[in-house]
Amino acid sequence: MEPSLVTSIGKIQLERPVMLASGILGISLDVFNRLYRSGAGAVVSKSLSTEPWDGYPNPTIFGINGGGWINAVGLSNPGAPNFAKMIEPNKDVPIIISLVGSIPEDFSTMVEQFKNSKVIAYELNLSCPHVAKVGLEVGDDPELVKKIVSTVKNSTNVPVIAKVGLGTTHYLNTVSAAIDSGIDAITAINTIRAIAIDVETQRPILSNKFGGLSGTPIKPIALRCVYEISSKYDIPIIGCGGISTWEDALEFILAGASAIQIGSAIGDNWIHVFNDINKGILQYMKRKGYSKIDEMIGLAKKS
Amino acid sequence: MEPSLVTSIGKIQLERPVMLASGILGISLDVFNRLYRSGAGAVVSKSLSTEPWDGYPNPTIFGINGGGWINAVGLSNPGAPNFAKMIEPNKDVPIIISLVGSIPEDFSTMVEQFKNSKVIAYELNLSCPHVAKVGLEVGDDPELVKKIVSTVKNSTNVPVIAKVGLGTTHYLNTVSAAIDSGIDAITAINTIRAIAIDVETQRPILSNKFGGLSGTPIKPIALRCVYEISSKYDIPIIGCGGISTWEDALEFILAGASAIQIGSAIGDNWIHVFNDINKGILQYMKRKGYSKIDEMIGLAKKS
Amino acid sequence: MSSVLPGQFAMVWIPGINELPMSVMIAQESGKAAFTVRKHGPASTGLFNVKVGQQIGVRGPYGNSFDLKQGKLLLVGGGTGLVPMMRLLTHIKPNDDVTVLIGAKSKNEVFFEDLANNLLKNNPHRVIVTTDDGTYGEKGFVTSMVEKLVNEINFDGIYTCGPEIMMYKTVQLAHSRGLFVQASLERMMKCGVGICGSCCVGEDLVCKDGTVFDGDHLISNKEFGRFHRNKAGILENY
Amino acid sequence: MSSVLPGQFAMVWIPGINELPMSVMIAQESGKAAFTVRKHGPASTGLFNVKVGQQIGVRGPYGNSFDLKQGKLLLVGGGTGLVPMMRLLTHIKPNDDVTVLIGAKSKNEVFFEDLANNLLKNNPHRVIVTTDDGTYGEKGFVTSMVEKLVNEINFDGIYTCGPEIMMYKTVQLAHSRGLFVQASLERMMKCGVGICGSCCVGEDLVCKDGTVFDGDHLISNKEFGRFHRNKAGILENY
Ligand SMILES: Cc1cc2nc3c(=O)[nH]c(=O)nc-3n(C[C@H](O)[C@H](O)[C@H](O)COP(=O)(O)OP(=O)(O)OC[C@H]3O[C@@H](n4cnc5c(N)ncnc54)[C@H](O)[C@@H]3O)c2cc1C
Ligand SMILES: Cc1cc2nc3c(=O)[nH]c(=O)nc-3n(C[C@H](O)[C@H](O)[C@H](O)COP(=O)(O)OP(=O)(O)OC[C@H]3O[C@@H](n4cnc5c(N)ncnc54)[C@H](O)[C@@H]3O)c2cc1C
Ligand SMILES: Cc1cc2nc3c(=O)[nH]c(=O)nc-3n(C[C@H](O)[C@H](O)[C@H](O)COP(=O)(O)O)c2cc1C
Ligand SMILES: Cc1cc2nc3c(=O)[nH]c(=O)nc-3n(C[C@H](O)[C@H](O)[C@H](O)COP(=O)(O)O)c2cc1C
Ligand code: FES
Ligand code: FES
């Protein structure tokens with residue numbers, strides 16, 4: 001029997017474990033459709049705010065020689081209301097809406113706006129490392145995280161995911177705060193605060209100076225976080241950070257992730273990466289005799 | 001006039017700004033001599049403890065496909081007394097002794113043991129991410145850091161450097177605690193906690209499971225830390241993390257480092273890396289018209 | 001950069017100011033490349049003001065390139081959209097019969113006419129300029145000239161780059177007559193490499209799937225010729 | 001791994017147990033490689049106990065290799081140090097006149113004698129076994145036989161791998177007579193790639209500068225033949 005790629009992240013069920021990470025190609029329903037057709041099990045929108053944001057001036061993204069990217073897009077996004085309108089026609093694509101804000105009400109207002117949209121989950125971005133007053137500045141404050149998660153959980157029945165990253169406090173405290181407040185799953189991790197300097201002009205390359213490091217360089221760190229979270233808490237985890245091959249994807253699953261997200265690898269290998277990973281996982285499952293993703297989740301902790 | 005590579009890290013003066021990082025080839029005086037001859041401005045010893053430590057069983061080091069290393073050597077070292085005896089004959093090499101311990105007395109005891117050795121500075125390892133009760137577990141506790149730094153500063157007139165890394169509290173608090181207690185310089189950063197899993201055998205590769213990520217992947221993060229420290233504090237900084245080319249070295253200097261350390265790049269390009277970087281910096285200085293390293297330190301913060 | 005294909009672009013960093021997508025212009029000296037910049041808003045003005053010896057950053061080339069047919073070719077360009085057209089002219093075969101249409105609002109906005117004639121000097125060719133106000137060349141919109149030409153001549157390939165409305169009409173005119181046509185699109189670009197999504201036109205990403213698209217494909221794209229996205233990613237009418 | 005040069009090694013991971021440096025043994029099947037493991041402590045026993053089908057990890061090859069001279073060659077091996085010697089035999093030229101010396105404590109520790117004879121079947125050669133206790137072959141230390149041979153024959157190249165004392169004496173004997181000699185050293189290895197420093201012998205790193213060193217060089221190394229470092233990096237006498 002052909003193994004199945006279906007996976008469950010708590011109450012969220014996906015046909016395939018590989019999804020699109022937030023902020024990557026994530027502003028148009030047409031593109032979401034295309035990515036879904038090319039193998040993504042779900043797509044996460046760009047992080048949306050209550051109002052449209054222009055983001056930072058260019059350069060906003062810098063490709064590192066040897067692998068990886070540093071970005072400070074500045075959370076440019078069309079705003080939750082525009083976005084909600086845009087995805088209204090959606091029938092097929094499992095969309096997860098990523099939200100960013102400073103106070104609990106920002107989040108609950110936006111959730112309200114998506115009431116009539118086909119949304120399979122919300123992902124709270126508690127971990128953007130390069131925009132003031134949102135993202136990590138929120139995630140680094142476990143008390144605020146508790147309030148936000150409780151507020152959102154009270155405003156919707158749709159599952160809510162918290163996306164964490166490495167900030168100035170221990171990310172496991174953020175995870176724990178989110179779990180205490182009823183979160184349904186954790187995405188780990190976001191980009192890691194970084195900088196790149198051009199030695200010729202002697203200045204930081206990104207217009208915002210600091211940005212977030214993503215791609216292959218952060219994989220071993222992201223994988224560590226998934227392993228740590230799954231070792232300490234009983235909560236579904238979505239692994240994210242530097243995944244570009246099926247082996248990478250499996251490392252995350254073996255470390256305890258129920259699903260994974262892909263961002264930068266799309267910049268490296270384009271959108272074929274979804275199907276390449278799906279195929280690779282399938283072949284591995286056949287070879288090793290697994291029939292379901294579930295059978296492999298967390299196996300590396302047994303040794 | 002030929003530009004000069006001489007640099008000062010506070011009271012520590014070096015002929016060349018590139019030094020050997022702790023833990024890399026760092027257990028024998030003969031090797032120190034060789035590295036000094038091949039262009040290192042100073043060498044930092046393996047982190048020493050009061051007693052000899054065997055470290056963890058192999059695998060202790062894992063080379064990542066695509067760049068970077070994860071290690072959990074477990075701070076194996078011959079112990080401070082053995083080491084002090086070994087370097088007694090030293091006349092030429094500027095040696096920095098790296099120390100690791102759990103309580104202030106561990107450090108002061110060891111400093112005492114090096115009294116008669118030619119040591120240009122001590123580096124307190126407050127940041128090893130994979131050994132319990134020492135390293136990051138110390139660095140993550142700013143109060144303990146204060147006590148350790150004060151104790152060591154009271155036991156010696158030799159300059160004392162604190163080596164920080166990314167742990168579970170904000171590393172800038174550790175920096176600030178060290179500065180408050182009279183530290184002479186900061187080395188940033190140590191390896192970053194990480195893991196690698198073998199998908200075939202479905203287990204973590206390192207015997208200790210978790211290890212520290214070093215090499216090119218961490219460069220943008222290390223550089224960010226140097227930029228942040230130098231933007232916030234007036235303290236000499238030694239940059240460390242993923243430096244493998246002269247451009248990398250200059251990025252750190254432009255971000256505010258007075259000197260830099262090289263670790264993993266030796267595994268990638270062998271010990272030629274010291275002279276390659278020295279030459280590259282010299283050529284850059286000639287081309288841009290600088291006569292001293294000092295003129296370039298922190299320039300990227302002006303823009 | 002000197003071997004960039006027509007249709008490809010580079011991201012040009014003007015330190016301290018911005019980074020912009022730019023078509024790569026041909027240069028007089030072989031082995032070199034150039035940019036042609038139109039002074040517009042702050043970023044392009046910043047690039048315009050760059051002094052000799054000042055360093056800028058260039059990454060790329062990115063994107064695909066025109067599929068160059070042989071025979072009777074029509075190139076329709078306006079504004080800085082003429083840049084990839086000039087580079088295209090360096091790739092034509094000796095026997096190609098080439099018509100270059102240069103559209104401009106007014107006489108003082110006409111450029112590259114001499115360059116086009118020069119690049120085509122060994123080919124059967126004509127270079128036609130139109131100005132909206134009739135101050136130079138033929139009076140009227142360049143697309144009226146396109147219509148006239150496609151009614152007369154059975155072109156083997158039509159290539160266009162410039163204002164989207166111009167490209168939209170050109171594609172429609174050519175496509176409705178069954179002629180092979182390609183357009184090089186411009187959209188808001190941040191990454192240039194298919195990560196950020198800011199350059200999307202319907203389901204296409206201009207930086208990665210384009211900049212060059214077949215008329216066949218564009219005709220079914222709901223956004224082409226109608227909408228583009230601003231910096232926040234909101235659809236705006238052309 | 002099948003094209004590994006004689007003197008090179010691999011790091012062999014026995015999941016859940018340890019990772020050890022191992023010389024790469026020749027295999028019967030072409031395109032394959034093998035390891036020869038001596039059951040000693042927990043790690044080598046772990047490797048020894050690996051079952052067919054069980055997965056181990058192998059990284060490498062690392063290190064340099066022997067500089068193979070032509071003419072009259074002497075190979076001196078003991079224990080698993082015979083492994084690189086066997087691989088060396090697969091690289092000799094048809095006219096080389098080869099003497100292989102196999103040293104062992106006792107009869108039951110003698111191996112590879114037949115293999116050596118077989119690999120040398122088309123060359124002028126002799127394979128001599130010595131045992132300390134005389135239970136097989138010549139009685140006595142293998143280095144006494146080395147002394148005897150270098151006094152008789154003007155070897156073009158001498159190669160040795162095995163217990164350090166054996167190599168030390170062999171190098172001294174050869175070097176004092178001006179003969180070209182190389183030894184492949186063993187030291188505590190963690191990284192295998194010149195990072196950790198655990199394999200140092202004086203200023204040399206066995207994993208990176210070696211495993212093969214010239215006698216000329218070794219003779220001036222203060223640690224060769226005298227000390228090795230334990231897991232903590234402390235010098236211990238041999
Ligand atoms: C593939 C491509 C090739 C191009 N080639 C050239 C060229 O060869 N020469 C030339 O002068 N211009 C070229 N442009 C246009 C150029 O990138 C700028 O859009 C233009 O110079 C105006 O920039 P500005 O910031 O000065 O104007 P602003 O006043 O700041 O902006 C005006 C408008 O320019 C556009 N724009 C601004 N930033 C960007 C951006 N990052 N990406 C895309 N559009 C943007 C937007 O539509 C914006 O509304 C090209 C654009 C693209 C997409
Ligand atoms: C370049 C090289 C090639 C080798 N080739 C072979 C071979 O082909 N076949 C074979 O059986 N053995 C080989 N060895 C030796 C092997 O690596 C082990 O040292 C040996 O198997 C004993 O290991 P153990 O852990 O079982 O013994 P233990 O009882 O754990 O240790 C006994 C001694 O083995 C040595 N040792 C242990 N771990 C290491 C290590 N990581 N690196 C180096 N020495 C270590 C130390 O001297 C230690 O004191 C080689 C060693 C080196 C350095
Ligand atoms: C250009 C870019 C934009 C991003 N925008 C967002 C965002 O809006 N919200 C968010 O939660 N994460 C954002 N991220 C982070 C990614 O979702 C992901 O967590 C990170 O890139 C690590 O995954 P990767 O290595 O696969 O890219 C962005 C990443 C990149 C590269
Ligand atoms: C094998 C290995 C051992 C290390 N041992 C130590 C140590 O004992 N003490 C210490 O402070 N840092 C140690 N480090 C960290 C390095 O000194 C350095 O901070 C880190 O590797 C980042 O620099 P790099 O990217 O140039 O290697 C070790 C790193 C490696 C790879
Ligand atoms: S410019 Fe970023 S996807 Fe095209
Ligand atoms: S084994 Fe690590 S340096 Fe040789």
# chains A, B, ... in the order shown; residues from 1 in each chain; ligands from 1
>>> residues_near_ligand(ligand="ligand 2", cutoff="9 Å", atoms="only C-alpha atoms and all ligand atoms", output="ChimeraX atom specification")
/B:57-59 /D:7-12,18-25,35-48,62-63,79-84,184-192,198-199,206-207,210-211,228-231
>>> residues_around(residues="Leu5 of chain C", least_positions_apart="5", cutoff="9 Å", atoms="only C-alpha atoms", output="list in words")
Val24, Pro61, Asn64, Ser65, Phe66, Pro84, Arg87, Leu88 and His91 of chain C
>>> write_last_selection(atoms="N, CA and C atoms", output="short mmCIF file (atom, residue, chain, number, x, y, z; two decimals), in the first residue's frame")
data_model
loop_
_atom_site.label_atom_id
_atom_site.label_comp_id
_atom_site.auth_asym_id
_atom_site.auth_seq_id
_atom_site.Cartn_x
_atom_site.Cartn_y
_atom_site.Cartn_z
N VAL C 24 19.49 45.80 -17.90
CA VAL C 24 20.92 46.00 -18.13
C VAL C 24 21.12 46.53 -19.54
N PRO C 61 22.50 38.75 -13.03
CA PRO C 61 21.20 39.04 -13.62
C PRO C 61 20.13 38.06 -13.17
N ASN C 64 14.12 35.59 -16.90
CA ASN C 64 14.31 34.91 -18.18
C ASN C 64 14.55 35.95 -19.27
N SER C 65 14.48 35.52 -20.53
CA SER C 65 14.78 36.46 -21.61
C SER C 65 13.88 36.19 -22.80
N PHE C 66 13.94 37.08 -23.76
CA PHE C 66 13.08 36.95 -24.94
C PHE C 66 13.45 35.72 -25.76
N PRO C 84 15.84 47.00 -22.75
CA PRO C 84 15.92 45.61 -23.20
C PRO C 84 15.76 45.47 -24.72
N ARG C 87 19.18 45.86 -26.19
CA ARG C 87 19.97 44.65 -25.99
C ARG C 87 19.49 43.53 -26.92
N LEU C 88 18.19 43.49 -27.17
CA LEU C 88 17.64 42.50 -28.10
C LEU C 88 18.25 42.70 -29.49
N HIS C 91 21.24 40.85 -30.55
CA HIS C 91 21.13 39.39 -30.71
C HIS C 91 20.48 38.96 -32.03
#
>>> residues_around(residues="Leu115 of chain D", least_positions_apart="4", cutoff="12 Å", atoms="only C-alpha atoms", output="VMD selection string")
chain D and resid 25 to 28 82 to 83 85 to 87 89 to 90 100 102 110 to 111 119 to 121 127
>>> write_last_selection(atoms="N, CA and C atoms", output="PDB file, in the first residue's frame")
ATOM      1  N   MET D  25      40.322  -0.528   4.478  1.00  0.00           N
ATOM      2  CA  MET D  25      40.871  -1.809   4.016  1.00  0.00           C
ATOM      3  C   MET D  25      40.441  -2.061   2.585  1.00  0.00           C
ATOM      4  N   ILE D  26      41.261  -2.796   1.846  1.00  0.00           N
ATOM      5  CA  ILE D  26      40.860  -3.175   0.487  1.00  0.00           C
ATOM      6  C   ILE D  26      39.756  -4.228   0.576  1.00  0.00           C
ATOM      7  N   ALA D  27      38.962  -4.272  -0.454  1.00  0.00           N
ATOM      8  CA  ALA D  27      37.862  -5.239  -0.458  1.00  0.00           C
ATOM      9  C   ALA D  27      38.020  -6.162  -1.650  1.00  0.00           C
ATOM     10  N   GLN D  28      37.457  -7.346  -1.520  1.00  0.00           N
ATOM     11  CA  GLN D  28      37.515  -8.283  -2.639  1.00  0.00           C
ATOM     12  C   GLN D  28      36.804  -7.703  -3.858  1.00  0.00           C
ATOM     13  N   LEU D  82      48.646  -3.098   9.702  1.00  0.00           N
ATOM     14  CA  LEU D  82      48.837  -3.818   8.440  1.00  0.00           C
ATOM     15  C   LEU D  82      47.833  -3.384   7.383  1.00  0.00           C
ATOM     16  N   VAL D  83      46.724  -2.815   7.838  1.00  0.00           N
ATOM     17  CA  VAL D  83      45.671  -2.435   6.889  1.00  0.00           C
ATOM     18  C   VAL D  83      46.190  -1.478   5.815  1.00  0.00           C
ATOM     19  N   MET D  85      49.164  -1.029   4.976  1.00  0.00           N
ATOM     20  CA  MET D  85      50.217  -1.733   4.241  1.00  0.00           C
ATOM     21  C   MET D  85      49.618  -2.570   3.100  1.00  0.00           C
ATOM     22  N   MET D  86      48.502  -3.209   3.388  1.00  0.00           N
ATOM     23  CA  MET D  86      47.850  -4.027   2.348  1.00  0.00           C
ATOM     24  C   MET D  86      47.383  -3.132   1.201  1.00  0.00           C
ATOM     25  N   ARG D  87      46.833  -1.974   1.572  1.00  0.00           N
ATOM     26  CA  ARG D  87      46.384  -1.060   0.520  1.00  0.00           C
ATOM     27  C   ARG D  87      47.580  -0.551  -0.299  1.00  0.00           C
ATOM     28  N   LEU D  89      50.155  -2.202  -0.991  1.00  0.00           N
ATOM     29  CA  LEU D  89      50.560  -3.267  -1.917  1.00  0.00           C
ATOM     30  C   LEU D  89      49.760  -3.220  -3.217  1.00  0.00           C
ATOM     31  N   THR D  90      48.567  -2.660  -3.163  1.00  0.00           N
ATOM     32  CA  THR D  90      47.778  -2.584  -4.397  1.00  0.00           C
ATOM     33  C   THR D  90      48.270  -1.451  -5.303  1.00  0.00           C
ATOM     34  N   VAL D 100      57.741  -7.688   2.862  1.00  0.00           N
ATOM     35  CA  VAL D 100      56.725  -7.337   3.852  1.00  0.00           C
ATOM     36  C   VAL D 100      57.073  -8.007   5.172  1.00  0.00           C
ATOM     37  N   ILE D 102      55.761  -8.720   8.908  1.00  0.00           N
ATOM     38  CA  ILE D 102      54.566  -8.720   9.739  1.00  0.00           C
ATOM     39  C   ILE D 102      54.964  -9.082  11.157  1.00  0.00           C
ATOM     40  N   VAL D 110      48.628 -13.338  14.116  1.00  0.00           N
ATOM     41  CA  VAL D 110      49.189 -13.129  12.780  1.00  0.00           C
ATOM     42  C   VAL D 110      48.062 -13.127  11.750  1.00  0.00           C
ATOM     43  N   PHE D 111      47.986 -12.084  10.976  1.00  0.00           N
ATOM     44  CA  PHE D 111      47.011 -12.133   9.881  1.00  0.00           C
ATOM     45  C   PHE D 111      47.549 -11.412   8.652  1.00  0.00           C
ATOM     46  N   LEU D 119      48.766 -10.646  -2.995  1.00  0.00           N
ATOM     47  CA  LEU D 119      48.838  -9.344  -3.665  1.00  0.00           C
ATOM     48  C   LEU D 119      50.165  -9.176  -4.393  1.00  0.00           C
ATOM     49  N   LEU D 120      51.189  -9.910  -3.915  1.00  0.00           N
ATOM     50  CA  LEU D 120      52.535  -9.757  -4.472  1.00  0.00           C
ATOM     51  C   LEU D 120      52.889 -10.845  -5.474  1.00  0.00           C
ATOM     52  N   LYS D 121      51.904 -11.638  -5.849  1.00  0.00           N
ATOM     53  CA  LYS D 121      52.259 -12.849  -6.607  1.00  0.00           C
ATOM     54  C   LYS D 121      52.990 -12.554  -7.910  1.00  0.00           C
ATOM     55  N   VAL D 127      57.510 -12.383   2.176  1.00  0.00           N
ATOM     56  CA  VAL D 127      56.701 -11.974   3.321  1.00  0.00           C
ATOM     57  C   VAL D 127      57.264 -12.674   4.553  1.00  0.00           C
TER      58      VAL D 127
END
>>> interface_residues(of="chain B", to="chain D", cutoff="9 Å", atoms="only C-alpha atoms", output="count of residues only")
44
>>> interface_residues(of="chain B", to="chain A", cutoff="7 Å", atoms="only C-alpha atoms", output="number ranges by chain")
B: 168-170, 193-197, 199, 202-204, 217-218, 220-221, 223-224, 247, 250-251, 254, 299-300, 303
>>> residues_around(residues="segment 7-15 of chain B", least_positions_apart="3", cutoff="9 Å", atoms="only C-alpha atoms", output="PyMOL selection string")
chain B and resi 4+18+40-42+94+120-121+159+184-185+235-238+257-259+292-294
>>> residues_around(residues="Val100 of chain B", least_positions_apart="5", cutoff="9 Å", atoms="only C-alpha atoms", output="list in words")
Ser47, Leu48, Ser49, Thr50, Leu75, Asp106, Phe107, Glu123, Leu124, Asn125, Leu126, Cys128, Val134 and Gly135 of chain B
>>> write_last_selection(atoms="all heavy atoms", output="short mmCIF file (atom, residue, chain, number, x, y, z; two decimals), in the first residue's frame")
data_model
loop_
_atom_site.label_atom_id
_atom_site.label_comp_id
_atom_site.auth_asym_id
_atom_site.auth_seq_id
_atom_site.Cartn_x
_atom_site.Cartn_y
_atom_site.Cartn_z
N SER B 47 39.34 25.90 26.42
CA SER B 47 38.85 26.29 27.75
C SER B 47 39.31 25.27 28.78
O SER B 47 39.06 24.07 28.63
CB SER B 47 37.33 26.39 27.76
OG SER B 47 36.92 27.48 26.98
N LEU B 48 39.95 25.78 29.82
CA LEU B 48 40.52 24.91 30.84
C LEU B 48 39.66 24.91 32.09
O LEU B 48 39.10 25.93 32.48
CB LEU B 48 41.93 25.38 31.19
CG LEU B 48 42.88 25.44 29.99
CD1 LEU B 48 44.15 26.20 30.36
CD2 LEU B 48 43.20 24.03 29.50
N SER B 49 39.60 23.74 32.72
CA SER B 49 38.88 23.61 33.98
C SER B 49 39.89 23.30 35.09
O SER B 49 41.06 23.03 34.81
CB SER B 49 37.83 22.50 33.86
OG SER B 49 38.39 21.36 33.24
N THR B 50 39.43 23.31 36.31
CA THR B 50 40.37 23.06 37.41
C THR B 50 40.94 21.64 37.36
O THR B 50 42.08 21.42 37.71
CB THR B 50 39.69 23.27 38.79
OG1 THR B 50 38.49 22.49 38.81
CG2 THR B 50 39.34 24.74 39.01
N LEU B 75 34.12 20.15 26.21
CA LEU B 75 35.18 20.86 26.92
C LEU B 75 36.27 19.92 27.44
O LEU B 75 36.81 20.13 28.53
CB LEU B 75 34.59 21.69 28.07
CG LEU B 75 33.69 22.85 27.65
CD1 LEU B 75 33.03 23.48 28.86
CD2 LEU B 75 34.49 23.90 26.89
N ASP B 106 36.52 28.74 41.13
CA ASP B 106 37.12 27.94 40.05
C ASP B 106 38.05 28.82 39.23
O ASP B 106 39.17 28.44 38.90
CB ASP B 106 36.03 27.41 39.09
CG ASP B 106 35.21 26.29 39.71
OD1 ASP B 106 35.62 25.77 40.76
OD2 ASP B 106 34.15 25.95 39.13
N PHE B 107 37.55 29.99 38.89
CA PHE B 107 38.31 30.87 38.01
C PHE B 107 39.54 31.44 38.70
O PHE B 107 40.63 31.46 38.14
CB PHE B 107 37.40 32.00 37.49
CG PHE B 107 36.32 31.51 36.56
CD1 PHE B 107 35.08 31.10 37.04
CD2 PHE B 107 36.55 31.44 35.18
CE1 PHE B 107 34.09 30.64 36.18
CE2 PHE B 107 35.57 30.98 34.32
CZ PHE B 107 34.33 30.58 34.82
N GLU B 123 40.47 34.65 29.01
CA GLU B 123 39.14 34.74 28.40
C GLU B 123 38.22 33.84 29.20
O GLU B 123 38.45 32.63 29.27
CB GLU B 123 39.20 34.33 26.93
CG GLU B 123 37.88 34.54 26.20
CD GLU B 123 37.96 34.14 24.72
OE1 GLU B 123 37.76 32.95 24.42
OE2 GLU B 123 38.21 35.02 23.88
N LEU B 124 37.18 34.42 29.79
CA LEU B 124 36.25 33.61 30.58
C LEU B 124 35.17 33.08 29.65
O LEU B 124 34.44 33.86 29.03
CB LEU B 124 35.62 34.46 31.68
CG LEU B 124 36.60 35.31 32.50
CD1 LEU B 124 35.85 36.12 33.56
CD2 LEU B 124 37.67 34.43 33.15
N ASN B 125 35.10 31.77 29.55
CA ASN B 125 34.10 31.15 28.68
C ASN B 125 32.76 31.11 29.44
O ASN B 125 32.52 30.24 30.26
CB ASN B 125 34.57 29.74 28.30
CG ASN B 125 33.57 29.01 27.45
OD1 ASN B 125 32.44 29.47 27.25
ND2 ASN B 125 33.96 27.85 26.93
N LEU B 126 31.92 32.08 29.12
CA LEU B 126 30.60 32.17 29.76
C LEU B 126 29.53 31.70 28.79
O LEU B 126 28.36 32.08 28.90
CB LEU B 126 30.32 33.62 30.18
CG LEU B 126 31.41 34.30 31.02
CD1 LEU B 126 31.07 35.77 31.23
CD2 LEU B 126 31.56 33.59 32.36
N CYS B 128 29.67 28.36 26.57
CA CYS B 128 29.63 27.06 25.91
C CYS B 128 28.20 26.52 25.98
O CYS B 128 27.62 26.43 27.06
CB CYS B 128 30.57 26.07 26.60
SG CYS B 128 30.41 24.41 25.91
N VAL B 134 28.33 24.85 33.42
CA VAL B 134 29.38 25.82 33.06
C VAL B 134 28.93 26.53 31.78
O VAL B 134 27.86 26.27 31.26
CB VAL B 134 30.74 25.14 32.81
CG1 VAL B 134 31.24 24.44 34.06
CG2 VAL B 134 30.66 24.17 31.64
N GLY B 135 29.77 27.41 31.26
CA GLY B 135 29.47 28.04 29.98
C GLY B 135 28.21 28.86 30.04
O GLY B 135 28.06 29.72 30.90
#
>>> atom_distance(atom1="atom 6 (C, counted along the ligand's line) of ligand 3", atom2="atom CA of Thr187 of chain A")
12.4 Å
>>> atom_distance(atom1="atom 6 (C, counted along the ligand's line) of ligand 1", atom2="atom CA of Ser144 of chain C")
24.3 Å
>>> select_by_dssp(residues="segment 13-129 of chain C", states="alpha helix (DSSP H)", output="PyMOL selection string")
chain C and resi 42-48+82-89+113-119
>>> write_last_selection(atoms="N, CA and C atoms", output="compact mmCIF listing (two decimals), in the first residue's frame")
# COMPACT_ATOMS: atom_id res chain seq x y z
N PRO C 42 12.60 59.46 -5.69
CA PRO C 42 13.83 59.58 -4.91
C PRO C 42 14.90 58.55 -5.26
N ALA C 43 14.51 57.31 -5.49
CA ALA C 43 15.51 56.27 -5.71
C ALA C 43 16.21 56.45 -7.05
N SER C 44 15.42 56.62 -8.10
CA SER C 44 16.04 56.76 -9.42
C SER C 44 16.85 58.06 -9.46
N THR C 45 16.39 59.08 -8.77
CA THR C 45 17.16 60.32 -8.72
C THR C 45 18.47 60.09 -7.99
N GLY C 46 18.40 59.27 -6.94
CA GLY C 46 19.62 58.92 -6.22
C GLY C 46 20.60 58.23 -7.14
N LEU C 47 20.12 57.32 -7.94
CA LEU C 47 20.99 56.61 -8.87
C LEU C 47 21.53 57.58 -9.91
N PHE C 48 20.65 58.44 -10.37
CA PHE C 48 21.02 59.43 -11.38
C PHE C 48 22.17 60.31 -10.87
N LEU C 82 12.86 50.75 -23.52
CA LEU C 82 13.69 50.61 -24.71
C LEU C 82 15.01 49.92 -24.40
N VAL C 83 15.39 49.91 -23.14
CA VAL C 83 16.68 49.32 -22.77
C VAL C 83 16.77 47.85 -23.18
N PRO C 84 15.84 47.00 -22.75
CA PRO C 84 15.92 45.61 -23.20
C PRO C 84 15.76 45.47 -24.72
N MET C 85 15.05 46.41 -25.34
CA MET C 85 14.91 46.36 -26.80
C MET C 85 16.27 46.57 -27.48
N MET C 86 17.06 47.48 -26.93
CA MET C 86 18.39 47.72 -27.52
C MET C 86 19.26 46.48 -27.37
N ARG C 87 19.18 45.86 -26.19
CA ARG C 87 19.97 44.65 -25.99
C ARG C 87 19.49 43.53 -26.92
N LEU C 88 18.19 43.49 -27.17
CA LEU C 88 17.64 42.50 -28.10
C LEU C 88 18.25 42.70 -29.49
N LEU C 89 18.44 43.96 -29.87
CA LEU C 89 18.99 44.25 -31.21
C LEU C 89 20.41 43.70 -31.37
N GLU C 113 17.03 56.54 -30.75
CA GLU C 113 16.71 56.40 -32.18
C GLU C 113 17.98 56.15 -32.99
N ASP C 114 19.01 56.97 -32.74
CA ASP C 114 20.27 56.79 -33.46
C ASP C 114 20.92 55.46 -33.13
N LEU C 115 20.88 55.12 -31.85
CA LEU C 115 21.48 53.87 -31.42
C LEU C 115 20.85 52.68 -32.15
N ALA C 116 19.51 52.71 -32.24
CA ALA C 116 18.79 51.62 -32.92
C ALA C 116 19.22 51.54 -34.39
N ASN C 117 19.24 52.68 -35.07
CA ASN C 117 19.66 52.69 -36.47
C ASN C 117 21.07 52.13 -36.61
N ASN C 118 21.91 52.52 -35.67
CA ASN C 118 23.29 52.09 -35.73
C ASN C 118 23.43 50.60 -35.52
N LEU C 119 22.71 50.07 -34.54
CA LEU C 119 22.79 48.63 -34.26
C LEU C 119 22.24 47.82 -35.43
>>> select_by_dssp(residues="segment 184-232 of chain A", states="strand (DSSP E)", output="VMD selection string")
chain A and resid 185 to 188 192 to 195 197 to 198 203 to 204 210 to 214
